[in-house]
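Below: upload.pdb (PDB, C-alpha atoms and all ligand atoms)
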```pdb
ATOM      1  CA  MET A   1       5.692  78.480-192.301  1.00  0.00           C
ATOM      2  CA  LYS A   2       2.953  76.475-190.647  1.00  0.00           C
ATOM      3  CA  LYS A   3       4.609  73.151-189.842  1.00  0.00           C
ATOM      4  CA  ILE A   4       6.734  70.349-191.226  1.00  0.00           C
ATOM      5  CA  GLU A   5       4.328  68.790-193.729  1.00  0.00           C
ATOM      6  CA  HIS A   6       6.373  65.692-194.505  1.00  0.00           C
ATOM      7  CA  ILE A   7       9.843  64.251-194.809  1.00  0.00           C
ATOM      8  CA  GLY A   8      10.829  62.981-198.248  1.00  0.00           C
ATOM      9  CA  ILE A   9      12.965  59.851-198.449  1.00  0.00           C
ATOM     10  CA  ALA A  10      14.684  58.670-201.624  1.00  0.00           C
ATOM     11  CA  VAL A  11      14.433  54.918-202.169  1.00  0.00           C
ATOM     12  CA  ASN A  12      15.592  52.499-204.849  1.00  0.00           C
ATOM     13  CA  SER A  13      12.364  50.541-204.822  1.00  0.00           C
ATOM     14  CA  LEU A  14       9.033  51.905-203.676  1.00  0.00           C
ATOM     15  CA  GLU A  15       7.756  48.380-203.315  1.00  0.00           C
ATOM     16  CA  ASP A  16      10.606  47.176-201.078  1.00  0.00           C
ATOM     17  CA  ALA A  17      10.689  50.362-199.017  1.00  0.00           C
ATOM     18  CA  SER A  18       6.908  50.298-198.560  1.00  0.00           C
ATOM     19  CA  VAL A  19       7.154  46.842-196.989  1.00  0.00           C
ATOM     20  CA  PHE A  20       9.718  48.196-194.537  1.00  0.00           C
ATOM     21  CA  TYR A  21       7.679  51.297-193.672  1.00  0.00           C
ATOM     22  CA  GLU A  22       4.501  49.250-193.249  1.00  0.00           C
ATOM     23  CA  LYS A  23       6.340  47.129-190.676  1.00  0.00           C
ATOM     24  CA  LEU A  24       7.926  50.135-188.991  1.00  0.00           C
ATOM     25  CA  LEU A  25       4.815  52.302-188.749  1.00  0.00           C
ATOM     26  CA  GLY A  26       2.146  49.624-188.580  1.00  0.00           C
ATOM     27  CA  VAL A  27       0.125  51.259-191.369  1.00  0.00           C
ATOM     28  CA  SER A  28      -0.049  50.954-195.145  1.00  0.00           C
ATOM     29  CA  ALA A  29       0.590  53.818-197.519  1.00  0.00           C
ATOM     30  CA  TYR A  30      -2.548  55.953-197.805  1.00  0.00           C
ATOM     31  CA  LYS A  31      -1.638  57.142-201.260  1.00  0.00           C
ATOM     32  CA  GLN A  32       0.584  56.161-204.170  1.00  0.00           C
ATOM     33  CA  GLU A  33       1.028  58.609-206.976  1.00  0.00           C
ATOM     34  CA  GLU A  34       3.278  59.186-209.958  1.00  0.00           C
ATOM     35  CA  VAL A  35       4.448  62.773-210.476  1.00  0.00           C
ATOM     36  CA  ILE A  36       5.337  62.813-214.160  1.00  0.00           C
ATOM     37  CA  SER A  37       6.941  66.295-214.118  1.00  0.00           C
ATOM     38  CA  GLU A  38       9.354  65.168-211.376  1.00  0.00           C
ATOM     39  CA  ARG A  39       9.881  61.680-212.811  1.00  0.00           C
ATOM     40  CA  VAL A  40       9.025  60.008-209.528  1.00  0.00           C
ATOM     41  CA  ASN A  41       6.678  57.518-208.009  1.00  0.00           C
ATOM     42  CA  THR A  42       5.640  58.441-204.507  1.00  0.00           C
ATOM     43  CA  ALA A  43       4.019  56.689-201.580  1.00  0.00           C
ATOM     44  CA  PHE A  44       2.722  58.522-198.518  1.00  0.00           C
ATOM     45  CA  PHE A  45       2.522  57.153-195.003  1.00  0.00           C
ATOM     46  CA  LYS A  46       0.883  58.783-192.018  1.00  0.00           C
ATOM     47  CA  THR A  47       2.083  58.310-188.491  1.00  0.00           C
ATOM     48  CA  GLY A  48       0.047  60.393-186.090  1.00  0.00           C
ATOM     49  CA  ILE A  49       0.103  63.913-187.518  1.00  0.00           C
ATOM     50  CA  ASN A  50       3.340  63.279-189.387  1.00  0.00           C
ATOM     51  CA  LYS A  51       3.833  62.157-192.940  1.00  0.00           C
ATOM     52  CA  ILE A  52       6.597  60.348-194.747  1.00  0.00           C
ATOM     53  CA  GLU A  53       6.902  60.535-198.526  1.00  0.00           C
ATOM     54  CA  LEU A  54       8.865  57.794-200.262  1.00  0.00           C
ATOM     55  CA  LEU A  55      10.280  58.743-203.655  1.00  0.00           C
ATOM     56  CA  GLU A  56      11.400  56.341-206.363  1.00  0.00           C
ATOM     57  CA  ALA A  57      12.871  57.516-209.668  1.00  0.00           C
ATOM     58  CA  THR A  58      10.953  56.557-212.798  1.00  0.00           C
ATOM     59  CA  ASP A  59      14.018  57.069-215.007  1.00  0.00           C
ATOM     60  CA  LYS A  60      17.700  57.844-214.670  1.00  0.00           C
ATOM     61  CA  GLU A  61      17.241  61.553-215.435  1.00  0.00           C
ATOM     62  CA  SER A  62      15.074  61.930-212.345  1.00  0.00           C
ATOM     63  CA  SER A  63      16.578  64.065-209.581  1.00  0.00           C
ATOM     64  CA  ILE A  64      15.919  61.119-207.255  1.00  0.00           C
ATOM     65  CA  ALA A  65      18.081  58.824-209.412  1.00  0.00           C
ATOM     66  CA  LYS A  66      20.863  61.424-209.353  1.00  0.00           C
ATOM     67  CA  PHE A  67      20.517  61.905-205.597  1.00  0.00           C
ATOM     68  CA  ILE A  68      20.767  58.152-204.924  1.00  0.00           C
ATOM     69  CA  ALA A  69      23.735  57.773-207.297  1.00  0.00           C
ATOM     70  CA  LYS A  70      25.556  60.483-205.335  1.00  0.00           C
ATOM     71  CA  LYS A  71      24.457  59.905-201.755  1.00  0.00           C
ATOM     72  CA  GLY A  72      22.604  56.605-201.613  1.00  0.00           C
ATOM     73  CA  GLU A  73      19.120  56.077-200.254  1.00  0.00           C
ATOM     74  CA  GLY A  74      18.060  58.332-197.415  1.00  0.00           C
ATOM     75  CA  ILE A  75      16.453  61.598-196.413  1.00  0.00           C
ATOM     76  CA  HIS A  76      16.017  63.687-199.540  1.00  0.00           C
ATOM     77  CA  HIS A  77      14.063  66.736-198.390  1.00  0.00           C
ATOM     78  CA  ILE A  78      12.053  68.329-195.624  1.00  0.00           C
ATOM     79  CA  ALA A  79       8.752  69.878-196.646  1.00  0.00           C
ATOM     80  CA  PHE A  80       7.171  72.806-194.850  1.00  0.00           C
ATOM     81  CA  GLU A  81       3.540  73.686-195.280  1.00  0.00           C
ATOM     82  CA  VAL A  82       2.908  77.344-196.027  1.00  0.00           C
ATOM     83  CA  GLU A  83      -0.208  79.465-196.150  1.00  0.00           C
ATOM     84  CA  ASP A  84       0.646  81.194-199.428  1.00  0.00           C
ATOM     85  CA  ILE A  85       3.479  79.741-201.471  1.00  0.00           C
ATOM     86  CA  ASN A  86       3.931  82.831-203.680  1.00  0.00           C
ATOM     87  CA  ILE A  87       4.268  85.163-200.705  1.00  0.00           C
ATOM     88  CA  GLU A  88       6.831  82.768-199.159  1.00  0.00           C
ATOM     89  CA  ILE A  89       8.810  82.588-202.424  1.00  0.00           C
ATOM     90  CA  THR A  90       9.023  86.386-202.553  1.00  0.00           C
ATOM     91  CA  ARG A  91       9.963  86.586-198.866  1.00  0.00           C
ATOM     92  CA  LEU A  92      12.628  83.878-199.060  1.00  0.00           C
ATOM     93  CA  LYS A  93      14.193  85.257-202.258  1.00  0.00           C
ATOM     94  CA  LYS A  94      14.589  88.585-200.457  1.00  0.00           C
ATOM     95  CA  GLU A  95      16.293  86.697-197.624  1.00  0.00           C
ATOM     96  CA  GLY A  96      18.796  85.305-200.138  1.00  0.00           C
ATOM     97  CA  PHE A  97      17.479  81.770-200.593  1.00  0.00           C
ATOM     98  CA  ILE A  98      17.796  80.203-204.030  1.00  0.00           C
ATOM     99  CA  VAL A  99      14.388  79.093-205.270  1.00  0.00           C
ATOM    100  CA  LEU A 100      14.561  76.304-207.869  1.00  0.00           C
ATOM    101  CA  GLY A 101      12.498  76.493-211.066  1.00  0.00           C
ATOM    102  CA  ASP A 102      10.140  79.230-212.263  1.00  0.00           C
ATOM    103  CA  GLY A 103       7.623  79.075-209.457  1.00  0.00           C
ATOM    104  CA  PRO A 104       5.229  76.607-207.858  1.00  0.00           C
ATOM    105  CA  LYS A 105       4.508  73.334-209.648  1.00  0.00           C
ATOM    106  CA  LYS A 106       1.834  70.771-209.060  1.00  0.00           C
ATOM    107  CA  GLY A 107       3.417  68.153-206.822  1.00  0.00           C
ATOM    108  CA  ALA A 108       2.238  64.962-205.182  1.00  0.00           C
ATOM    109  CA  ASP A 109      -0.600  64.754-202.664  1.00  0.00           C
ATOM    110  CA  ASN A 110      -2.588  67.678-204.074  1.00  0.00           C
ATOM    111  CA  LYS A 111      -0.042  70.386-203.373  1.00  0.00           C
ATOM    112  CA  TRP A 112       1.664  73.313-205.015  1.00  0.00           C
ATOM    113  CA  VAL A 113       5.363  72.787-204.404  1.00  0.00           C
ATOM    114  CA  VAL A 114       8.633  74.602-204.846  1.00  0.00           C
ATOM    115  CA  PHE A 115      12.150  73.726-203.693  1.00  0.00           C
ATOM    116  CA  LEU A 116      14.969  75.765-202.184  1.00  0.00           C
ATOM    117  CA  HIS A 117      18.465  74.915-203.340  1.00  0.00           C
ATOM    118  CA  PRO A 118      20.530  73.128-200.641  1.00  0.00           C
ATOM    119  CA  LYS A 119      23.387  75.541-201.360  1.00  0.00           C
ATOM    120  CA  SER A 120      21.305  78.260-199.732  1.00  0.00           C
ATOM    121  CA  THR A 121      19.913  76.144-196.882  1.00  0.00           C
ATOM    122  CA  ASN A 122      22.914  74.606-195.135  1.00  0.00           C
ATOM    123  CA  GLY A 123      22.814  71.477-197.259  1.00  0.00           C
ATOM    124  CA  ILE A 124      19.168  70.459-196.857  1.00  0.00           C
ATOM    125  CA  LEU A 125      16.785  70.440-199.804  1.00  0.00           C
ATOM    126  CA  ILE A 126      13.710  72.298-198.553  1.00  0.00           C
ATOM    127  CA  GLU A 127      10.280  71.945-200.117  1.00  0.00           C
ATOM    128  CA  LEU A 128       7.531  74.473-199.574  1.00  0.00           C
ATOM    129  CA  CYS A 129       4.048  73.179-200.149  1.00  0.00           C
ATOM    130  CA  GLN A 130       0.585  74.602-200.172  1.00  0.00           C
ATOM    131  CA  GLU A 131      -2.602  72.571-200.312  1.00  0.00           C
ATOM    132  CA  ILE A 132      -4.479  73.007-203.598  1.00  0.00           C
ATOM    133  CA  ILE A 133      -8.053  74.015-202.835  1.00  0.00           C
TER     134      ILE A 133
HETATM  135 ZN    ZN B 201       7.924  66.181-200.741  1.00  0.00          ZN
END
```
As structure tokens, how would this structure be written, given the file I've shared?
Amino acid sequence: MKKIEHIGIAVNSLEDASVFYEKLLGVSAYKQEEVISERVNTAFFKTGINKIELLEATDKESSIAKFIAKKGEGIHHIAFEVEDINIEITRLKKEGFIVLGDGPKKGADNKWVVFLHPKSTNGILIELCQEII
């Protein structure tokens, strides 16, 4: 793992939450992007070297909609940047982590992403991401 790449926050409204984060951080989102496979709209904010990803469901089957229905708005996942996502998947499976899905998918912000089930990570949804080059 190289570093925490971003923190993902589930929000009801990307528009409302963006206003709040603009005030809080003093910057506008540098990117807004829909990820159709995940049924989310995302907005990314940079503060220093750190990034915040806001996630809004695009329909009620979205995992973000289900998360908010269960837990309310708030921190949804922590994303770690990795050098080679496939090597990390193999390593973490061996360590007993539950990797969701059938391998890396194209996520927001030009990344390959995969998630680790919170059951295997002390309750935190963990995202691994690797820059697509
Ligand atoms: Zn993320």
Selection: 7 Å around Ala57 of chain A, only C-alpha atoms, excl. self and same-chain fewer than 5 positions, as a list in words: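 With the cut-off at 7 Å, the set is Arg39, Val40, Asn41, Ser62, Ile64 and Ala65 of chain A.
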Would you kindly return, as a list in words, each protein, DNA or RNA residue with an atom no farther than 6 Å from any atom of segment 128-130 of chain A, considering only C-alpha atoms and excluding same-chain residues fewer than 3 positions away? Ala79, Phe80, Glu81, Val82, Lys111, Trp112, Val113 and Val114 of chain A
List the residues sitting within 6 Å of (9.1, 63.3, -196.8) in the file's frame, using only C-alpha atoms, as a list in words.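 Every residue inside that radius is included here: His6, Ile7, Gly8, Ile9, Ile52, Glu53 and Ile78 of chain A.
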Those same residues, written as an mmCIF file, in the frame of the given file with C-alpha atoms?
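Output file out12.cif is given in full below:
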```
data_model
loop_
_atom_site.group_PDB
_atom_site.id
_atom_site.type_symbol
_atom_site.label_atom_id
_atom_site.label_comp_id
_atom_site.auth_asym_id
_atom_site.auth_seq_id
_atom_site.Cartn_x
_atom_site.Cartn_y
_atom_site.Cartn_z
ATOM 1 C CA HIS A 6 6.373 65.692 -194.505
ATOM 2 C CA ILE A 7 9.843 64.251 -194.809
ATOM 3 C CA GLY A 8 10.829 62.981 -198.248
ATOM 4 C CA ILE A 9 12.965 59.851 -198.449
ATOM 5 C CA ILE A 52 6.597 60.348 -194.747
ATOM 6 C CA GLU A 53 6.902 60.535 -198.526
ATOM 7 C CA ILE A 78 12.053 68.329 -195.624
#
```
Assuming the chain letters and numbering stay as they are in my file, what does the PyMOL selection byres (((chain A and resi 32) around 12) and not hetatm) actually select? List them as a ChimeraX atom specification. /A:14-15,18,28-31,33-35,40-45,52-56,108-110
In Å, how far is it from atom CA of Asn50 of chain A to atom CA of Glu5 of chain A? 7.1 Å
Using only C-alpha atoms and all ligand atoms, which of A:His117, A:Lys66, A:His76, A:Lys94 sits nearest ligand ZN 201 (chain B)? A:His76
For atom CA of Glu73 of chain A and atom CA of Phe97 of chain A, quote the distance in Å rounded to one decimal. 25.7 Å
Top pick for closest residue to Gly48 of chain A, considering A:Val27, A:Ile36, A:Glu22, A:Glu61 and counting only C-alpha atoms: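 Going through A:Val27, A:Ile36, A:Glu22, A:Glu61 one by one, the smallest distance to Gly48 of chain A is for A:Val27.
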Ranking A:Glu88, A:Asp59, A:Glu38, A:Asp102 by minimum distance to ligand ZN 201 (chain B) and counting all atoms listed in the file, which one comes first?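 Residue with the minimum atom-to-atom distance to ligand ZN 201 (chain B): A:Glu38.
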Atom pair atom CA of Ser63 of chain A / atom CA of Gly123 of chain A: separation (Å):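 Calculated distance between atom CA of Ser63 of chain A and atom CA of Gly123 of chain A is 15.7 Å.
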Between A:Leu24, A:Gly74, A:Arg91, A:Asp84, which has the minimum distance to Ile133 of chain A (counting all atoms listed in the file)?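 Smallest distance to Ile133 of chain A is found for A:Asp84.
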My list of candidates is A:Ala17, A:Thr121, A:Lys51, A:Leu25. Which is closest to ligand ZN 201 (chain B) when distances are computed with all atoms listed in the file?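 Answer, going by the shortest atom-to-atom distance: A:Lys51.
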Which residue out of A:Thr90, A:Gly107, A:Val99, A:Ile75 has the minimum interatomic distance to Ile124 of chain A when all atoms listed in the file are used?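 When distances to Ile124 of chain A are compared using all atoms listed in the file, the smallest one comes from A:Ile75.
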Please rebuild segment 27-43 of chain A with N, CA, C and O atoms and give the result as a PDB file, in the coordinates of the input.
```
ATOM      1  N   VAL A  27       1.201  50.832-190.462  1.00  0.00           N
ATOM      2  CA  VAL A  27       0.125  51.259-191.369  1.00  0.00           C
ATOM      3  C   VAL A  27       0.588  51.105-192.823  1.00  0.00           C
ATOM      4  O   VAL A  27       1.791  51.099-193.098  1.00  0.00           O
ATOM      5  N   SER A  28      -0.374  50.996-193.723  1.00  0.00           N
ATOM      6  CA  SER A  28      -0.049  50.954-195.145  1.00  0.00           C
ATOM      7  C   SER A  28      -0.018  52.369-195.692  1.00  0.00           C
ATOM      8  O   SER A  28      -0.573  53.289-195.084  1.00  0.00           O
ATOM      9  N   ALA A  29       0.590  52.519-196.849  1.00  0.00           N
ATOM     10  CA  ALA A  29       0.590  53.818-197.519  1.00  0.00           C
ATOM     11  C   ALA A  29      -0.859  54.228-197.781  1.00  0.00           C
ATOM     12  O   ALA A  29      -1.667  53.403-198.180  1.00  0.00           O
ATOM     13  N   TYR A  30      -1.177  55.503-197.539  1.00  0.00           N
ATOM     14  CA  TYR A  30      -2.548  55.953-197.805  1.00  0.00           C
ATOM     15  C   TYR A  30      -2.706  56.464-199.217  1.00  0.00           C
ATOM     16  O   TYR A  30      -3.807  56.682-199.698  1.00  0.00           O
ATOM     17  N   LYS A  31      -1.562  56.633-199.890  1.00  0.00           N
ATOM     18  CA  LYS A  31      -1.638  57.142-201.260  1.00  0.00           C
ATOM     19  C   LYS A  31      -0.378  56.746-202.025  1.00  0.00           C
ATOM     20  O   LYS A  31       0.721  56.798-201.479  1.00  0.00           O
ATOM     21  N   GLN A  32      -0.557  56.348-203.271  1.00  0.00           N
ATOM     22  CA  GLN A  32       0.584  56.161-204.170  1.00  0.00           C
ATOM     23  C   GLN A  32       0.290  56.975-205.408  1.00  0.00           C
ATOM     24  O   GLN A  32      -0.844  56.963-205.893  1.00  0.00           O
ATOM     25  N   GLU A  33       1.288  57.671-205.887  1.00  0.00           N
ATOM     26  CA  GLU A  33       1.028  58.609-206.976  1.00  0.00           C
ATOM     27  C   GLU A  33       2.295  58.816-207.790  1.00  0.00           C
ATOM     28  O   GLU A  33       3.373  58.990-207.227  1.00  0.00           O
ATOM     29  N   GLU A  34       2.150  58.831-209.106  1.00  0.00           N
ATOM     30  CA  GLU A  34       3.278  59.186-209.958  1.00  0.00           C
ATOM     31  C   GLU A  34       3.220  60.693-210.220  1.00  0.00           C
ATOM     32  O   GLU A  34       2.148  61.240-210.500  1.00  0.00           O
ATOM     33  N   VAL A  35       4.372  61.354-210.102  1.00  0.00           N
ATOM     34  CA  VAL A  35       4.448  62.773-210.476  1.00  0.00           C
ATOM     35  C   VAL A  35       5.312  62.822-211.727  1.00  0.00           C
ATOM     36  O   VAL A  35       6.537  62.727-211.671  1.00  0.00           O
ATOM     37  N   ILE A  36       4.646  62.942-212.874  1.00  0.00           N
ATOM     38  CA  ILE A  36       5.337  62.813-214.160  1.00  0.00           C
ATOM     39  C   ILE A  36       6.371  63.922-214.337  1.00  0.00           C
ATOM     40  O   ILE A  36       7.492  63.663-214.763  1.00  0.00           O
ATOM     41  N   SER A  37       6.009  65.160-213.943  1.00  0.00           N
ATOM     42  CA  SER A  37       6.941  66.295-214.118  1.00  0.00           C
ATOM     43  C   SER A  37       8.229  66.098-213.327  1.00  0.00           C
ATOM     44  O   SER A  37       9.282  66.585-213.716  1.00  0.00           O
ATOM     45  N   GLU A  38       8.165  65.385-212.209  1.00  0.00           N
ATOM     46  CA  GLU A  38       9.354  65.168-211.376  1.00  0.00           C
ATOM     47  C   GLU A  38      10.000  63.798-211.633  1.00  0.00           C
ATOM     48  O   GLU A  38      11.002  63.463-210.999  1.00  0.00           O
ATOM     49  N   ARG A  39       9.377  63.018-212.497  1.00  0.00           N
ATOM     50  CA  ARG A  39       9.881  61.680-212.811  1.00  0.00           C
ATOM     51  C   ARG A  39      10.042  60.821-211.558  1.00  0.00           C
ATOM     52  O   ARG A  39      11.094  60.220-211.330  1.00  0.00           O
ATOM     53  N   VAL A  40       9.000  60.821-210.746  1.00  0.00           N
ATOM     54  CA  VAL A  40       9.025  60.008-209.528  1.00  0.00           C
ATOM     55  C   VAL A  40       7.697  59.302-209.299  1.00  0.00           C
ATOM     56  O   VAL A  40       6.636  59.774-209.709  1.00  0.00           O
ATOM     57  N   ASN A  41       7.830  58.160-208.619  1.00  0.00           N
ATOM     58  CA  ASN A  41       6.678  57.518-208.009  1.00  0.00           C
ATOM     59  C   ASN A  41       6.758  57.811-206.524  1.00  0.00           C
ATOM     60  O   ASN A  41       7.844  57.745-205.930  1.00  0.00           O
ATOM     61  N   THR A  42       5.624  58.125-205.931  1.00  0.00           N
ATOM     62  CA  THR A  42       5.640  58.441-204.507  1.00  0.00           C
ATOM     63  C   THR A  42       4.665  57.551-203.752  1.00  0.00           C
ATOM     64  O   THR A  42       3.686  57.063-204.324  1.00  0.00           O
ATOM     65  N   ALA A  43       4.963  57.344-202.489  1.00  0.00           N
ATOM     66  CA  ALA A  43       4.019  56.689-201.580  1.00  0.00           C
ATOM     67  C   ALA A  43       4.029  57.487-200.294  1.00  0.00           C
ATOM     68  O   ALA A  43       5.091  57.916-199.824  1.00  0.00           O
TER      69      ALA A  43
END
```
